[in-house]
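A.B. asks: Sharing upload.cif below, mmCIF, C-alpha atoms and all ligand atoms; chains and numbers go by the auth columns:
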```cif
data_work
#
loop_
_atom_site.group_PDB
_atom_site.id
_atom_site.type_symbol
_atom_site.label_atom_id
_atom_site.label_comp_id
_atom_site.label_asym_id
_atom_site.label_seq_id
_atom_site.Cartn_x
_atom_site.Cartn_y
_atom_site.Cartn_z
_atom_site.B_iso_or_equiv
_atom_site.auth_seq_id
_atom_site.auth_asym_id
ATOM 1 C CA MET A 1 -6.194 -6.492 64.731 0.00 1 A
ATOM 2 C CA ALA A 2 -3.395 -5.197 62.481 0.00 2 A
ATOM 3 C CA ASN A 3 -3.273 -8.547 60.733 0.00 3 A
ATOM 4 C CA ASN A 4 -6.993 -8.519 60.082 0.00 4 A
ATOM 5 C CA SER A 5 -6.788 -5.003 58.676 0.00 5 A
ATOM 6 C CA LEU A 6 -3.967 -6.056 56.369 0.00 6 A
ATOM 7 C CA ARG A 7 -5.935 -9.080 55.202 0.00 7 A
ATOM 8 C CA LEU A 8 -8.936 -6.858 54.526 0.00 8 A
ATOM 9 C CA VAL A 9 -6.842 -4.374 52.511 0.00 9 A
ATOM 10 C CA PHE A 10 -5.325 -7.276 50.576 0.00 10 A
ATOM 11 C CA ALA A 11 -8.758 -8.753 49.822 0.00 11 A
ATOM 12 C CA VAL A 12 -10.120 -5.391 48.724 0.00 12 A
ATOM 13 C CA CYS A 13 -7.104 -4.902 46.433 0.00 13 A
ATOM 14 C CA ILE A 14 -7.641 -8.279 44.768 0.00 14 A
ATOM 15 C CA LEU A 15 -11.358 -7.633 44.401 0.00 15 A
ATOM 16 C CA SER A 16 -10.670 -4.208 42.879 0.00 16 A
ATOM 17 C CA ALA A 17 -8.233 -5.728 40.405 0.00 17 A
ATOM 18 C CA ILE A 18 -10.791 -8.337 39.346 0.00 18 A
ATOM 19 C CA LEU A 19 -13.527 -5.736 38.983 0.00 19 A
ATOM 20 C CA ALA A 20 -11.223 -3.414 37.039 0.00 20 A
ATOM 21 C CA ALA A 21 -10.228 -6.214 34.662 0.00 21 A
ATOM 22 C CA ASN A 22 -13.869 -7.056 34.015 0.00 22 A
ATOM 23 C CA ALA A 23 -14.841 -3.414 33.629 0.00 23 A
ATOM 24 C CA THR A 24 -12.109 -2.642 31.116 0.00 24 A
ATOM 25 C CA SER A 25 -12.967 -5.577 28.892 0.00 25 A
ATOM 26 C CA ALA A 26 -16.548 -4.400 28.507 0.00 26 A
ATOM 27 C CA SER A 27 -16.276 -0.640 28.544 0.00 27 A
ATOM 28 C CA ILE A 28 -15.108 0.189 24.995 0.00 28 A
ATOM 29 C CA VAL A 29 -17.896 0.445 22.429 0.00 29 A
ATOM 30 C CA ILE A 30 -18.432 1.622 18.880 0.00 30 A
ATOM 31 C CA ASN A 31 -20.455 4.702 19.874 0.00 31 A
ATOM 32 C CA GLU A 32 -21.232 6.458 16.594 0.00 32 A
ATOM 33 C CA MET A 33 -20.732 5.920 12.865 0.00 33 A
ATOM 34 C CA LEU A 34 -21.392 8.322 10.011 0.00 34 A
ATOM 35 C CA SER A 35 -21.537 6.137 6.920 0.00 35 A
ATOM 36 C CA ASN A 36 -23.003 8.499 4.319 0.00 36 A
ATOM 37 C CA PRO A 37 -21.555 12.007 4.799 0.00 37 A
ATOM 38 C CA VAL A 38 -22.549 14.911 2.563 0.00 38 A
ATOM 39 C CA SER A 39 -20.952 17.669 4.679 0.00 39 A
ATOM 40 C CA ASP A 40 -17.387 18.542 5.675 0.00 40 A
ATOM 41 C CA TRP A 41 -17.277 16.591 8.945 0.00 41 A
ATOM 42 C CA ASN A 42 -13.482 16.414 9.199 0.00 42 A
ATOM 43 C CA GLY A 43 -13.165 20.157 8.631 0.00 43 A
ATOM 44 C CA ASN A 44 -10.622 20.045 5.822 0.00 44 A
ATOM 45 C CA GLY A 45 -12.629 22.388 3.580 0.00 45 A
ATOM 46 C CA GLU A 46 -13.830 19.654 1.216 0.00 46 A
ATOM 47 C CA VAL A 47 -16.889 17.426 1.179 0.00 47 A
ATOM 48 C CA SER A 48 -16.021 13.813 0.486 0.00 48 A
ATOM 49 C CA GLY A 49 -18.325 10.819 0.706 0.00 49 A
ATOM 50 C CA MET A 50 -15.333 8.837 1.955 0.00 50 A
ATOM 51 C CA ASP A 51 -13.009 11.174 3.881 0.00 51 A
ATOM 52 C CA ASP A 52 -15.854 12.660 5.902 0.00 52 A
ATOM 53 C CA GLU A 53 -17.025 9.300 7.217 0.00 53 A
ATOM 54 C CA PHE A 54 -16.077 8.586 10.817 0.00 54 A
ATOM 55 C CA VAL A 55 -16.209 5.880 13.447 0.00 55 A
ATOM 56 C CA GLU A 56 -16.304 7.031 17.071 0.00 56 A
ATOM 57 C CA LEU A 57 -15.247 4.828 19.974 0.00 57 A
ATOM 58 C CA PHE A 58 -16.266 5.551 23.574 0.00 58 A
ATOM 59 C CA ASN A 59 -15.059 4.397 26.983 0.00 59 A
ATOM 60 C CA SER A 60 -18.189 3.896 29.100 0.00 60 A
ATOM 61 C CA GLY A 61 -16.234 2.533 32.063 0.00 61 A
ATOM 62 C CA ASN A 62 -14.461 4.068 35.052 0.00 62 A
ATOM 63 C CA GLU A 63 -10.882 3.188 34.112 0.00 63 A
ATOM 64 C CA PRO A 64 -8.625 4.251 31.244 0.00 64 A
ATOM 65 C CA VAL A 65 -8.444 1.523 28.590 0.00 65 A
ATOM 66 C CA ASP A 66 -5.355 0.874 26.507 0.00 66 A
ATOM 67 C CA ILE A 67 -6.686 -0.052 23.061 0.00 67 A
ATOM 68 C CA SER A 68 -3.269 -0.421 21.433 0.00 68 A
ATOM 69 C CA GLY A 69 -3.482 -3.335 19.029 0.00 69 A
ATOM 70 C CA TYR A 70 -7.272 -3.278 18.807 0.00 70 A
ATOM 71 C CA VAL A 71 -8.430 -3.824 15.207 0.00 71 A
ATOM 72 C CA LEU A 72 -11.254 -2.028 13.415 0.00 72 A
ATOM 73 C CA MET A 73 -12.630 -3.757 10.313 0.00 73 A
ATOM 74 C CA ASP A 74 -15.269 -3.306 7.660 0.00 74 A
ATOM 75 C CA THR A 75 -16.507 -6.671 6.632 0.00 75 A
ATOM 76 C CA VAL A 76 -19.156 -6.469 3.936 0.00 76 A
ATOM 77 C CA PHE A 77 -19.418 -5.611 0.244 0.00 77 A
ATOM 78 C CA ARG A 78 -15.720 -5.462 -0.510 0.00 78 A
ATOM 79 C CA SER A 79 -13.419 -8.145 -1.789 0.00 79 A
ATOM 80 C CA THR A 80 -10.650 -6.908 0.534 0.00 80 A
ATOM 81 C CA PRO A 81 -12.056 -5.598 3.835 0.00 81 A
ATOM 82 C CA GLY A 82 -10.422 -2.541 5.313 0.00 82 A
ATOM 83 C CA GLU A 83 -8.518 -3.297 8.496 0.00 83 A
ATOM 84 C CA PHE A 84 -6.901 -0.836 10.898 0.00 84 A
ATOM 85 C CA LYS A 85 -4.768 -1.698 13.900 0.00 85 A
ATOM 86 C CA LEU A 86 -4.800 1.008 16.554 0.00 86 A
ATOM 87 C CA PRO A 87 -1.279 2.268 17.193 0.00 87 A
ATOM 88 C CA ASP A 88 0.766 1.692 20.354 0.00 88 A
ATOM 89 C CA GLY A 89 -0.055 4.073 23.171 0.00 89 A
ATOM 90 C CA THR A 90 -3.711 4.554 22.199 0.00 90 A
ATOM 91 C CA ILE A 91 -5.597 5.027 25.455 0.00 91 A
ATOM 92 C CA ILE A 92 -9.191 6.195 25.942 0.00 92 A
ATOM 93 C CA LYS A 93 -9.894 7.769 29.312 0.00 93 A
ATOM 94 C CA PRO A 94 -13.231 7.179 31.091 0.00 94 A
ATOM 95 C CA GLY A 95 -16.053 9.086 29.395 0.00 95 A
ATOM 96 C CA GLU A 96 -13.842 10.097 26.467 0.00 96 A
ATOM 97 C CA PHE A 97 -14.162 9.522 22.722 0.00 97 A
ATOM 98 C CA LEU A 98 -11.800 8.579 19.927 0.00 98 A
ATOM 99 C CA THR A 99 -12.738 9.461 16.361 0.00 99 A
ATOM 100 C CA ILE A 100 -11.225 7.364 13.578 0.00 100 A
ATOM 101 C CA ASN A 101 -11.315 8.713 10.032 0.00 101 A
ATOM 102 C CA ILE A 102 -11.094 6.642 6.899 0.00 102 A
ATOM 103 C CA THR A 103 -8.026 8.585 5.772 0.00 103 A
ATOM 104 C CA GLU A 104 -6.027 6.966 8.572 0.00 104 A
ATOM 105 C CA SER A 105 -7.871 3.677 8.826 0.00 105 A
ATOM 106 C CA SER A 106 -8.966 2.679 5.269 0.00 106 A
ATOM 107 C CA VAL A 107 -12.041 1.246 7.001 0.00 107 A
ATOM 108 C CA PHE A 108 -14.825 2.109 4.567 0.00 108 A
ATOM 109 C CA GLN A 109 -18.543 2.201 5.415 0.00 109 A
ATOM 110 C CA GLY A 110 -20.679 1.093 2.482 0.00 110 A
ATOM 111 C CA ASN A 111 -23.731 3.313 1.916 0.00 111 A
ATOM 112 C CA ASP A 112 -25.944 0.340 1.026 0.00 112 A
ATOM 113 C CA GLY A 113 -25.006 -1.681 4.103 0.00 113 A
ATOM 114 C CA ASP A 114 -21.941 -2.880 5.907 0.00 114 A
ATOM 115 C CA CYS A 115 -20.784 -4.304 9.208 0.00 115 A
ATOM 116 C CA ILE A 116 -18.085 -2.541 11.219 0.00 116 A
ATOM 117 C CA LYS A 117 -16.358 -4.665 13.853 0.00 117 A
ATOM 118 C CA LEU A 118 -13.936 -3.896 16.664 0.00 118 A
ATOM 119 C CA PHE A 119 -11.638 -6.602 18.013 0.00 119 A
ATOM 120 C CA ASP A 120 -9.324 -6.371 21.008 0.00 120 A
ATOM 121 C CA ALA A 121 -5.604 -7.125 20.822 0.00 121 A
ATOM 122 C CA THR A 122 -6.252 -10.836 21.421 0.00 122 A
ATOM 123 C CA GLY A 123 -8.734 -11.051 18.535 0.00 123 A
ATOM 124 C CA SER A 124 -11.913 -11.177 20.634 0.00 124 A
ATOM 125 C CA LEU A 125 -14.890 -9.257 19.279 0.00 125 A
ATOM 126 C CA VAL A 126 -15.459 -6.127 21.399 0.00 126 A
ATOM 127 C CA ASP A 127 -18.364 -4.568 19.512 0.00 127 A
ATOM 128 C CA GLU A 128 -19.962 -4.487 16.072 0.00 128 A
ATOM 129 C CA LYS A 129 -22.561 -2.469 14.192 0.00 129 A
ATOM 130 C CA GLU A 130 -24.362 -3.840 11.142 0.00 130 A
ATOM 131 C CA TYR A 131 -26.712 -1.841 8.943 0.00 131 A
ATOM 132 C CA ASN A 132 -28.548 -2.287 5.648 0.00 132 A
ATOM 133 C CA ALA A 133 -29.151 1.312 4.558 0.00 133 A
ATOM 134 C CA THR A 134 -27.966 4.849 5.263 0.00 134 A
ATOM 135 C CA LYS A 135 -29.321 8.387 5.061 0.00 135 A
ATOM 136 C CA PRO A 136 -27.204 11.416 4.100 0.00 136 A
ATOM 137 C CA ASP A 137 -25.596 13.042 7.159 0.00 137 A
ATOM 138 C CA VAL A 138 -27.555 10.794 9.544 0.00 138 A
ATOM 139 C CA SER A 139 -25.296 8.874 11.901 0.00 139 A
ATOM 140 C CA PHE A 140 -25.846 5.640 13.767 0.00 140 A
ATOM 141 C CA ALA A 141 -25.402 6.683 17.387 0.00 141 A
ATOM 142 C CA ARG A 142 -25.716 5.091 20.799 0.00 142 A
ATOM 143 C CA ILE A 143 -27.948 7.433 22.813 0.00 143 A
ATOM 144 C CA PRO A 144 -27.057 8.105 25.542 0.00 144 A
ATOM 145 C CA ASP A 145 -23.364 7.397 24.895 0.00 145 A
ATOM 146 C CA GLY A 146 -22.805 3.645 25.244 0.00 146 A
ATOM 147 C CA GLY A 147 -26.594 3.025 25.213 0.00 147 A
ATOM 148 C CA ASP A 148 -28.916 1.672 22.531 0.00 148 A
ATOM 149 C CA TRP A 149 -28.419 2.346 18.812 0.00 149 A
ATOM 150 C CA LYS A 150 -30.517 5.116 17.287 0.00 150 A
ATOM 151 C CA GLU A 151 -30.230 7.430 14.297 0.00 151 A
ATOM 152 C CA SER A 152 -29.006 10.987 14.775 0.00 152 A
ATOM 153 C CA THR A 153 -29.512 13.935 12.458 0.00 153 A
ATOM 154 C CA THR A 154 -26.837 15.740 14.496 0.00 154 A
ATOM 155 C CA PRO A 155 -23.619 13.737 14.110 0.00 155 A
ATOM 156 C CA THR A 156 -21.073 14.542 16.840 0.00 156 A
ATOM 157 C CA PRO A 157 -17.571 13.266 16.011 0.00 157 A
ATOM 158 C CA GLY A 158 -15.522 13.184 19.209 0.00 158 A
ATOM 159 C CA LYS A 159 -18.366 14.512 21.337 0.00 159 A
ATOM 160 C CA SER A 160 -21.355 13.246 23.301 0.00 160 A
ATOM 161 C CA ASN A 161 -24.144 11.891 21.073 0.00 161 A
ATOM 162 C CA GLN A 162 -27.353 13.839 20.546 0.00 162 A
HETATM 163 CA CA CA B . -19.934 5.509 2.894 0.00 201 B
HETATM 164 CA CA CA B . -13.975 16.934 4.524 0.00 202 B
HETATM 165 CA CA CA B . -20.474 11.354 19.074 0.00 203 B
#
```
Kindly return the structure encoded in the file as structure tokens.

C.D. replies:
Amino acid sequence: MANNSLRLVFAVCILSAILAANATSASIVINEMLSNPVSDWNGNGEVSGMDDEFVELFNSGNEPVDISGYVLMDTVFRSTPGEFKLPDGTIIKPGEFLTINITESSVFQGNDGDCIKLFDATGSLVDEKEYNATKPDVSFARIPDGGDWKESTTPTPGKSNQ
């Protein structure tokens, strides 16, 4: 009886580990992007078409995900694409957001179209968002968070999409 219980606990542990590994690989998404800002979204007292852009990541899973070494890139309409490696110790908890500003990332979102990509630390594509046009202060947003892409007239950096 004791042996069977131990075997069961062991099997459940292995299964949990497998499920957790699968969940973590799929749970980080690009959740919102404001490509064409005309308001002071980063709250520094100035309106800048570049500095007030943002990319928001979201953890839609049930486990914290360590995204150290993940790479965010813009890939279109520039001779040298912007590329930003997320620093060591960057972890997104379940249901939480991480806002990345161009001032730290140099990842620029073209107003006439671009494609923003997120790769994991091994170079595998995690998520991408391509677009061909933008509207002032209208973000591309997954609604609900982690869901399908829509447009939002109420950008929400670091908060749940509306
Ligand atoms: Ca832009
Ligand atoms: Ca600003
Ligand atoms: Ca948001």

A.B. asks: Grab me every residue within 12 Å of ligand CA 202 (chain B), counting only C-alpha atoms and all ligand atoms, and send it over as an NGL selection string.

C.D. replies: :A and (37-54 or 101-103)

A.B. asks: Please produce an output containing C-alpha atoms for each residue in the selection, written as a short mmCIF file (atom, residue, chain, number, x, y, z; two decimals), keeping the file's coordinate frame.

C.D. replies:
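Written out: selection19.cif:
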```cif
data_model
loop_
_atom_site.label_atom_id
_atom_site.label_comp_id
_atom_site.auth_asym_id
_atom_site.auth_seq_id
_atom_site.Cartn_x
_atom_site.Cartn_y
_atom_site.Cartn_z
CA PRO A 37 -21.56 12.01 4.80
CA VAL A 38 -22.55 14.91 2.56
CA SER A 39 -20.95 17.67 4.68
CA ASP A 40 -17.39 18.54 5.68
CA TRP A 41 -17.28 16.59 8.94
CA ASN A 42 -13.48 16.41 9.20
CA GLY A 43 -13.16 20.16 8.63
CA ASN A 44 -10.62 20.05 5.82
CA GLY A 45 -12.63 22.39 3.58
CA GLU A 46 -13.83 19.65 1.22
CA VAL A 47 -16.89 17.43 1.18
CA SER A 48 -16.02 13.81 0.49
CA GLY A 49 -18.32 10.82 0.71
CA MET A 50 -15.33 8.84 1.96
CA ASP A 51 -13.01 11.17 3.88
CA ASP A 52 -15.85 12.66 5.90
CA GLU A 53 -17.02 9.30 7.22
CA PHE A 54 -16.08 8.59 10.82
CA ASN A 101 -11.32 8.71 10.03
CA ILE A 102 -11.09 6.64 6.90
CA THR A 103 -8.03 8.59 5.77
#
```

A.B. asks: Enumerate as a VMD selection string the residues within 8 Å of ligand CA 203 (chain B), counting all atoms listed in the file.

C.D. replies: chain A and resid 31 to 32 56 97 141 145 155 to 162

A.B. asks: For the file shown, report as a PDB file with C-alpha atoms, keeping the file's coordinate frame the outcome of the PyMOL selection byres (((chain A and resi 81) around 12) and not hetatm) at residue level.

C.D. replies:
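Okay, this is what ended up in part-v4.pdb:
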```
ATOM      1  CA  LEU A  72     -11.254  -2.028  13.415  1.00  0.00           C
ATOM      2  CA  MET A  73     -12.630  -3.757  10.313  1.00  0.00           C
ATOM      3  CA  ASP A  74     -15.269  -3.306   7.660  1.00  0.00           C
ATOM      4  CA  THR A  75     -16.507  -6.671   6.632  1.00  0.00           C
ATOM      5  CA  VAL A  76     -19.156  -6.469   3.936  1.00  0.00           C
ATOM      6  CA  PHE A  77     -19.418  -5.611   0.244  1.00  0.00           C
ATOM      7  CA  ARG A  78     -15.720  -5.462  -0.510  1.00  0.00           C
ATOM      8  CA  SER A  79     -13.419  -8.145  -1.789  1.00  0.00           C
ATOM      9  CA  THR A  80     -10.650  -6.908   0.534  1.00  0.00           C
ATOM     10  CA  GLY A  82     -10.422  -2.541   5.313  1.00  0.00           C
ATOM     11  CA  GLU A  83      -8.518  -3.297   8.496  1.00  0.00           C
ATOM     12  CA  PHE A  84      -6.901  -0.836  10.898  1.00  0.00           C
ATOM     13  CA  SER A 105      -7.871   3.677   8.826  1.00  0.00           C
ATOM     14  CA  SER A 106      -8.966   2.679   5.269  1.00  0.00           C
ATOM     15  CA  VAL A 107     -12.041   1.246   7.001  1.00  0.00           C
ATOM     16  CA  PHE A 108     -14.825   2.109   4.567  1.00  0.00           C
ATOM     17  CA  GLN A 109     -18.543   2.201   5.415  1.00  0.00           C
ATOM     18  CA  GLY A 110     -20.679   1.093   2.482  1.00  0.00           C
ATOM     19  CA  ASP A 114     -21.941  -2.880   5.907  1.00  0.00           C
ATOM     20  CA  CYS A 115     -20.784  -4.304   9.208  1.00  0.00           C
ATOM     21  CA  ILE A 116     -18.085  -2.541  11.219  1.00  0.00           C
ATOM     22  CA  LYS A 117     -16.358  -4.665  13.853  1.00  0.00           C
TER      23      LYS A 117
END
```

A.B. asks: Tell me, as an MDAnalysis selection string, which residues lie within 7 Å of Ser60 of chain A, counting all atoms listed in the file; anything in the same chain fewer than 3 positions away does not count.

C.D. replies: chainID A and resid 27:28 94:95 146

A.B. asks: To one decimal place in Å, what is the distance between atom CA of Asn36 of chain A and atom CA of Thr154 of chain A?

C.D. replies: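 Between atom CA of Asn36 of chain A and atom CA of Thr154 of chain A the gap is 13.1 Å.
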
A.B. asks: Restricting the calculation to all atoms listed in the file: of A:Thr90, A:Ile30, A:Val126, A:Asp137, which residue gets closest to Pro64 of chain A?

C.D. replies: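 Under the stated criterion, the closest residue is A:Thr90.
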
A.B. asks: Could you check the closest approach to ligand CA 201 (chain B) for each of A:Ala121, A:Ala133, A:Ile143, A:Ile100 and tell me which residue wins, using all atoms listed in the file?

C.D. replies: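 When distances to ligand CA 201 (chain B) are compared using all atoms listed in the file, the smallest one comes from A:Ala133.
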
A.B. asks: Would you compute the distance between atom CA of Ile67 of chain A and atom CA of Leu118 of chain A? Give it in Å to one decimal.

C.D. replies: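 Atom CA of Leu118 of chain A lies 10.4 Å from atom CA of Ile67 of chain A.
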
A.B. asks: Return the single residue from A:Gly113, A:Val65, A:Glu96, A:Thr153 that is closest to Asn132 of chain A, with distances computed using all atoms listed in the file.

C.D. replies: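 Among the listed residues, A:Gly113 lies closest to Asn132 of chain A.
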
A.B. asks: Have a look at atom CA of Phe58 of chain A and atom CA of Glu104 of chain A and let me know their distance in Å, one decimal.

C.D. replies: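 Going from atom CA of Phe58 of chain A over to atom CA of Glu104 of chain A, I get 18.2 Å.
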
A.B. asks: Once the PyMOL selection byres (((chain A and resi 70) around 6) and not hetatm) is applied to the coordinates I shared, what remains selected? I want it as a short mmCIF file (atom, residue, chain, number, x, y, z; two decimals) with C-alpha atoms, in the coordinates of the input.

C.D. replies:
```cif
data_model
loop_
_atom_site.label_atom_id
_atom_site.label_comp_id
_atom_site.auth_asym_id
_atom_site.auth_seq_id
_atom_site.Cartn_x
_atom_site.Cartn_y
_atom_site.Cartn_z
CA ILE A 67 -6.69 -0.05 23.06
CA SER A 68 -3.27 -0.42 21.43
CA GLY A 69 -3.48 -3.34 19.03
CA VAL A 71 -8.43 -3.82 15.21
CA LYS A 85 -4.77 -1.70 13.90
CA LEU A 86 -4.80 1.01 16.55
CA PHE A 119 -11.64 -6.60 18.01
CA ASP A 120 -9.32 -6.37 21.01
CA ALA A 121 -5.60 -7.12 20.82
#
```

A.B. asks: What box, with edges along x, y and z, holds each listed atom of segment 38-44 of chain A when 3 Å is added on every side, and can you state its centre and edge lengths in Å to one decimal, as lines of an AutoDock Vina configuration file?

C.D. replies:
```
center_x = -16.6
center_y = 17.5
center_z = 5.9
size_x = 17.9
size_y = 11.2
size_z = 12.6
```

A.B. asks: Give the answer as one residue: which of A:Val138, A:Val29, A:Leu34, A:Leu125 has the shortest atom-to-atom distance to ligand CA 201 (chain B), using only C-alpha atoms and all ligand atoms?

C.D. replies: A:Leu34

A.B. asks: Return the single residue from A:Ser124, A:Asn111, A:Asn59, A:Thr134 that is closest to ligand CA 201 (chain B), with distances computed using all atoms listed in the file.

C.D. replies: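 Answer, going by the shortest atom-to-atom distance: A:Asn111.
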
A.B. asks: Give the answer as one residue: which of A:Gly61, A:Asp66, A:Asp112, A:Thr99 has the shortest atom-to-atom distance to ligand CA 201 (chain B), using only C-alpha atoms and all ligand atoms?

C.D. replies: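 Going through A:Gly61, A:Asp66, A:Asp112, A:Thr99 one by one, the smallest distance to ligand CA 201 (chain B) is for A:Asp112.
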